[in-house]
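All remarks here apply to the structure that follows.
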Amino acid sequence: MSANGTSRLNKGTSRWTHCRKRGADGNLRKSLEVGEPDKCSQSSRRQESFTTPESEGPVSRVKNWGDEVEAEEMRSNVQRDMHRYRRRILEADFPQRDRKISSGSSDSRDSKDSKESPAKGDIETDETTLIRRQKQINYGKNTLAYDRYIKEVPKLMRQPGVHPKTPNKFKKYSRRSWDQQIKLWRVKLHAWDPPAEEGSDLQQIEEIDLGEIMEFELDVECSADTEFQCPTSSGALLSLAEDSFAGTPKKMMKIEDAEMS
Amino acid sequence: MAKSACAPASSPTTQGNDANKQARGFLVHRLNSMDSAWTALDVVTQTMVQKAIADPKTVDLEKLSDAIVEQSLKDLSFCKDAGRMCYAVVQAEAQKAATSAFRRNLLTRLQQEFTGREQTRSHSVQEWVCLVTFICSIFDYIKVNDAPLVALVDPIYDCLFRLAQPDALMNEEEVDCLVVQLHRVGEQLEQTNSQRMNQLFYLLRDGFLLQEDLSSMTRLLLLEILEFRASGWTLTNTAHKYYYSEVVD
């Protein structure tokens, strides 16, 4: 019964959901191609609420228990992550000789991190921001590419620069800087996309990244954030997207045209 | 009316005395009986639950949650403990599949039933009582990062308020439900919202004192819960002896 402004994207009825592992309801997609017709008709009925990474939950008149509980869960997860992160920074500042820093399955860390790490007071603590960032991270982790990536490359074997690294949601970054990091991270992850049935890898990138950026667009437009300059920045984001991605396929097409003629 | 009122042994009519003993016998019996949600389920659903816990991805979790809600509305002995079983499935899904489809669908179904509760009550008090019991069982067992489901607090209060209305106090079934749920989740509810608990108890005191046509059983149950809360959601030894000792003729 929960609804999502980007339900079409999440239900697999649009082009750019090729590599989405799960639908908005959390269920694993059985087929990766087209969403089930039954679910499509259901989703078109239920635009009663609208969830974005900006809002703390569904923006609707009637509260949906499922949504409320999930929002609460995300909030408490983020709080828990923050406590862990704080402890970890403290440990890194006062390293204990025999202790090995174990690689847990969290988004952020690293002994290297701690050297450049902010002073203890300087971590991002705003809950709205953390939740928004966590949702963006979850989008990225909820992909087949990410699944394949973590299976293929254990954390210990990751090489900085070569292997994508999840952005650290606790560090202070501007909104644009963070969104850019996420975008770059997602692009890098695409290297682990499952082989497509048709079309080139490049075509996949075009479809999916435009989709993701459109999601950000949707989020930015509907955000209650006043600190972030919506009109100019979103415009910039969009033109950036078009420059980086719309440009490339065109070039490719030209070459192909040339080759074919 | 005062003559047949529930009274301590030293006082009036044998009629009143017998009613009192009977009521207390009931309380003791309830303490002793073991309800099992598990055996109340049919074999098909039992199998589904076991499979869901072992490997959540192999089971249609939405279907399972629907089946469980269906069963809960029919069988009171089931819903008392069903929360525990549901939580097992929720945890299994979270740990093994990293999703929460079962919990989500369960809550959605529950919310639907909750929204239609007045209608449910008017065509079947039993179903209504099952619904309240089940929601409270879910609230009791299912936690989110060790915290209770805050989303259910106000709805549960709404149900309890309904049960404390004069017409509901006339049905022993409903009164029983009310006090049982308060025993189970009263303290947690009060911690999350004490104002509403205070308001609820105003109603209960009023009912106990002013409503003339209440049965002895009802009055016993109300008095016990009033004492229970007043002692900090527990009973003093002497009170416990009064309400729960084996009744000897």
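In the structure tokens, chains take letters A, B, ... by order of appearance, with residues numbered from 1 within each chain and ligands from 1 in the order shown.
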Worksheet item: Which residues in region 37-177 of chain B does DSSP call strand (DSSP E or B)? List them as JSON, numbers by chain.
Response: {"B": [143, 144, 147, 148]}
File of the preceding selection, all heavy atoms, as a compact mmCIF listing (two decimals), in the first residue's frame:
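Wrote part.txt, looks like this:
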# COMPACT_ATOMS: atom_id res chain seq x y z
N LYS B 143 10.14 -5.48 17.57
CA LYS B 143 10.87 -4.26 17.91
C LYS B 143 11.69 -3.80 16.71
O LYS B 143 12.01 -4.58 15.82
CB LYS B 143 11.84 -4.53 19.09
CG LYS B 143 11.17 -5.12 20.32
CD LYS B 143 10.27 -4.13 21.02
CE LYS B 143 9.58 -4.80 22.21
NZ LYS B 143 8.43 -4.04 22.69
N VAL B 144 12.04 -2.51 16.73
CA VAL B 144 12.90 -1.96 15.69
C VAL B 144 14.14 -1.42 16.38
O VAL B 144 14.07 -0.42 17.10
CB VAL B 144 12.19 -0.84 14.91
CG1 VAL B 144 13.19 -0.01 14.14
CG2 VAL B 144 11.17 -1.42 13.97
N ALA B 147 13.66 -0.90 19.96
CA ALA B 147 12.64 0.05 20.40
C ALA B 147 11.27 -0.42 19.94
O ALA B 147 11.15 -1.08 18.91
CB ALA B 147 12.93 1.43 19.82
N PRO B 148 10.20 -0.09 20.67
CA PRO B 148 8.87 -0.54 20.26
C PRO B 148 8.39 0.19 19.01
O PRO B 148 8.93 1.22 18.62
CB PRO B 148 7.99 -0.17 21.46
CG PRO B 148 8.73 0.87 22.20
CD PRO B 148 10.18 0.65 21.94
Contact residues (chain B, partner chain A, 8 Å, only C-alpha atoms) as a PDB file with N, CA, C and O atoms, in the first residue's frame:
ATOM      1  N   THR B  99      15.528  -7.609   3.562  1.00  0.00           N
ATOM      2  CA  THR B  99      14.323  -6.880   3.176  1.00  0.00           C
ATOM      3  C   THR B  99      13.354  -6.890   4.354  1.00  0.00           C
ATOM      4  O   THR B  99      13.586  -7.563   5.351  1.00  0.00           O
ATOM      5  N   SER B 100      12.247  -6.154   4.192  1.00  0.00           N
ATOM      6  CA  SER B 100      11.259  -6.156   5.272  1.00  0.00           C
ATOM      7  C   SER B 100       9.848  -6.249   4.715  1.00  0.00           C
ATOM      8  O   SER B 100       8.940  -5.573   5.194  1.00  0.00           O
ATOM      9  N   ALA B 101       9.692  -7.072   3.676  1.00  0.00           N
ATOM     10  CA  ALA B 101       8.400  -7.175   3.010  1.00  0.00           C
ATOM     11  C   ALA B 101       7.339  -7.770   3.926  1.00  0.00           C
ATOM     12  O   ALA B 101       6.185  -7.345   3.918  1.00  0.00           O
ATOM     13  N   ARG B 103       7.078  -7.708   7.254  1.00  0.00           N
ATOM     14  CA  ARG B 103       6.644  -6.746   8.276  1.00  0.00           C
ATOM     15  C   ARG B 103       5.776  -5.672   7.658  1.00  0.00           C
ATOM     16  O   ARG B 103       4.741  -5.280   8.199  1.00  0.00           O
ATOM     17  N   ARG B 104       6.213  -5.185   6.495  1.00  0.00           N
ATOM     18  CA  ARG B 104       5.474  -4.128   5.827  1.00  0.00           C
ATOM     19  C   ARG B 104       4.060  -4.566   5.492  1.00  0.00           C
ATOM     20  O   ARG B 104       3.095  -3.859   5.760  1.00  0.00           O
ATOM     21  N   ASN B 105       3.934  -5.756   4.908  1.00  0.00           N
ATOM     22  CA  ASN B 105       2.604  -6.208   4.511  1.00  0.00           C
ATOM     23  C   ASN B 105       1.728  -6.499   5.731  1.00  0.00           C
ATOM     24  O   ASN B 105       0.528  -6.219   5.738  1.00  0.00           O
ATOM     25  N   LEU B 107       1.866  -5.023   8.616  1.00  0.00           N
ATOM     26  CA  LEU B 107       1.398  -3.750   9.173  1.00  0.00           C
ATOM     27  C   LEU B 107       0.316  -3.127   8.304  1.00  0.00           C
ATOM     28  O   LEU B 107      -0.639  -2.534   8.811  1.00  0.00           O
ATOM     29  N   THR B 108       0.488  -3.262   6.994  1.00  0.00           N
ATOM     30  CA  THR B 108      -0.512  -2.701   6.090  1.00  0.00           C
ATOM     31  C   THR B 108      -1.858  -3.374   6.293  1.00  0.00           C
ATOM     32  O   THR B 108      -2.891  -2.707   6.401  1.00  0.00           O
ATOM     33  N   GLN B 111      -3.362  -2.337   9.517  1.00  0.00           N
ATOM     34  CA  GLN B 111      -3.898  -0.983   9.460  1.00  0.00           C
ATOM     35  C   GLN B 111      -5.267  -0.963   8.796  1.00  0.00           C
ATOM     36  O   GLN B 111      -6.166  -0.241   9.215  1.00  0.00           O
ATOM     37  N   VAL B 144      12.036  -2.514  16.729  1.00  0.00           N
ATOM     38  CA  VAL B 144      12.899  -1.964  15.693  1.00  0.00           C
ATOM     39  C   VAL B 144      14.144  -1.418  16.382  1.00  0.00           C
ATOM     40  O   VAL B 144      14.066  -0.419  17.097  1.00  0.00           O
ATOM     41  N   ASN B 145      15.257  -2.103  16.174  1.00  0.00           N
ATOM     42  CA  ASN B 145      16.484  -1.727  16.897  1.00  0.00           C
ATOM     43  C   ASN B 145      16.218  -1.599  18.395  1.00  0.00           C
ATOM     44  O   ASN B 145      16.546  -0.599  19.030  1.00  0.00           O
ATOM     45  N   LEU B 149       7.381  -0.376  18.385  1.00  0.00           N
ATOM     46  CA  LEU B 149       6.817   0.210  17.171  1.00  0.00           C
ATOM     47  C   LEU B 149       5.963   1.416  17.554  1.00  0.00           C
ATOM     48  O   LEU B 149       4.782   1.281  17.885  1.00  0.00           O
ATOM     49  N   VAL B 150       6.559   2.567  17.462  1.00  0.00           N
ATOM     50  CA  VAL B 150       5.865   3.779  17.890  1.00  0.00           C
ATOM     51  C   VAL B 150       4.589   4.019  17.087  1.00  0.00           C
ATOM     52  O   VAL B 150       3.603   4.555  17.599  1.00  0.00           O
ATOM     53  N   ALA B 151       4.616   3.590  15.825  1.00  0.00           N
ATOM     54  CA  ALA B 151       3.452   3.805  14.968  1.00  0.00           C
ATOM     55  C   ALA B 151       2.188   3.149  15.517  1.00  0.00           C
ATOM     56  O   ALA B 151       1.078   3.558  15.185  1.00  0.00           O
ATOM     57  N   LEU B 152       2.346   2.117  16.350  1.00  0.00           N
ATOM     58  CA  LEU B 152       1.173   1.401  16.844  1.00  0.00           C
ATOM     59  C   LEU B 152       0.611   1.961  18.151  1.00  0.00           C
ATOM     60  O   LEU B 152      -0.475   1.585  18.582  1.00  0.00           O
TER      61      LEU B 152
END
With only C-alpha atoms as the counted atoms, please give the residues lying no more than 8 Å from Ser215 (chain B), apart from itself and same-chain residues fewer than 2 positions off, as a PDB file with N, CA and C atoms, in the first residue's frame.
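Final output, saved to selection-v2.pdb:
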ATOM      1  N   MET B 170     -20.024  -3.593  29.199  1.00  0.00           N
ATOM      2  CA  MET B 170     -21.116  -4.531  29.446  1.00  0.00           C
ATOM      3  C   MET B 170     -20.752  -5.947  29.001  1.00  0.00           C
ATOM      4  N   GLU B 172     -18.299  -8.983  29.009  1.00  0.00           N
ATOM      5  CA  GLU B 172     -17.132  -9.508  29.722  1.00  0.00           C
ATOM      6  C   GLU B 172     -15.981  -9.826  28.783  1.00  0.00           C
ATOM      7  N   ASP B 213     -24.697  -1.368  36.005  1.00  0.00           N
ATOM      8  CA  ASP B 213     -25.075  -2.697  35.533  1.00  0.00           C
ATOM      9  C   ASP B 213     -23.888  -3.594  35.189  1.00  0.00           C
ATOM     10  N   MET B 217     -17.788 -10.038  37.709  1.00  0.00           N
ATOM     11  CA  MET B 217     -16.547 -10.354  36.995  1.00  0.00           C
ATOM     12  C   MET B 217     -15.914  -9.087  36.469  1.00  0.00           C
ATOM     13  N   THR B 218     -16.725  -8.273  35.831  1.00  0.00           N
ATOM     14  CA  THR B 218     -16.202  -7.036  35.266  1.00  0.00           C
ATOM     15  C   THR B 218     -15.609  -6.156  36.353  1.00  0.00           C
ATOM     16  N   ARG B 219     -16.340  -6.047  37.448  1.00  0.00           N
ATOM     17  CA  ARG B 219     -15.837  -5.185  38.517  1.00  0.00           C
ATOM     18  C   ARG B 219     -14.540  -5.725  39.103  1.00  0.00           C
TER      19      ARG B 219
END
Worksheet item: Hey, which of A:Met157, A:Ile182, A:Lys171, A:Lys188 ends up closest to Asp126 (chain A)? Count only C-alpha atoms.
Response: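 Closest to Asp126 (chain A) of all the choices is A:Lys171.
Our summary of the geometry notes that CA of Val59 (chain B) is positioned 28.2 Å from CA of Ala196 (chain A).
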Fill in: Two-atom distance - CA of Val89 (chain B), CA of Ile53 (chain B) (Å)
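Straight-line distance from CA of Val89 (chain B) to CA of Ile53 (chain B) works out to 5.3 Å.
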Worksheet entry | Separation of CA of Ala52 (chain B) from CA of Lys96 (chain B) in Å |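 Interatomic distance here is 10.2 Å.
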Item to complete: Please identify all polymer residues within 9 Å of Leu110 (chain B), counting only C-alpha atoms, omitting same-chain residues fewer than 3 positions from it, and present them as a VMD selection string.
Response: (chain A and resid 65) or (chain B and resid 69 105 to 107 113 to 115 131 134 to 135)
Item to complete: as a ChimeraX atom specification, list the residues of region 125-198 of chain A assigned to alpha helix (DSSP H) by DSSP on the backbone atoms of this structure.
Response: /A:127-141,144-152,175-189
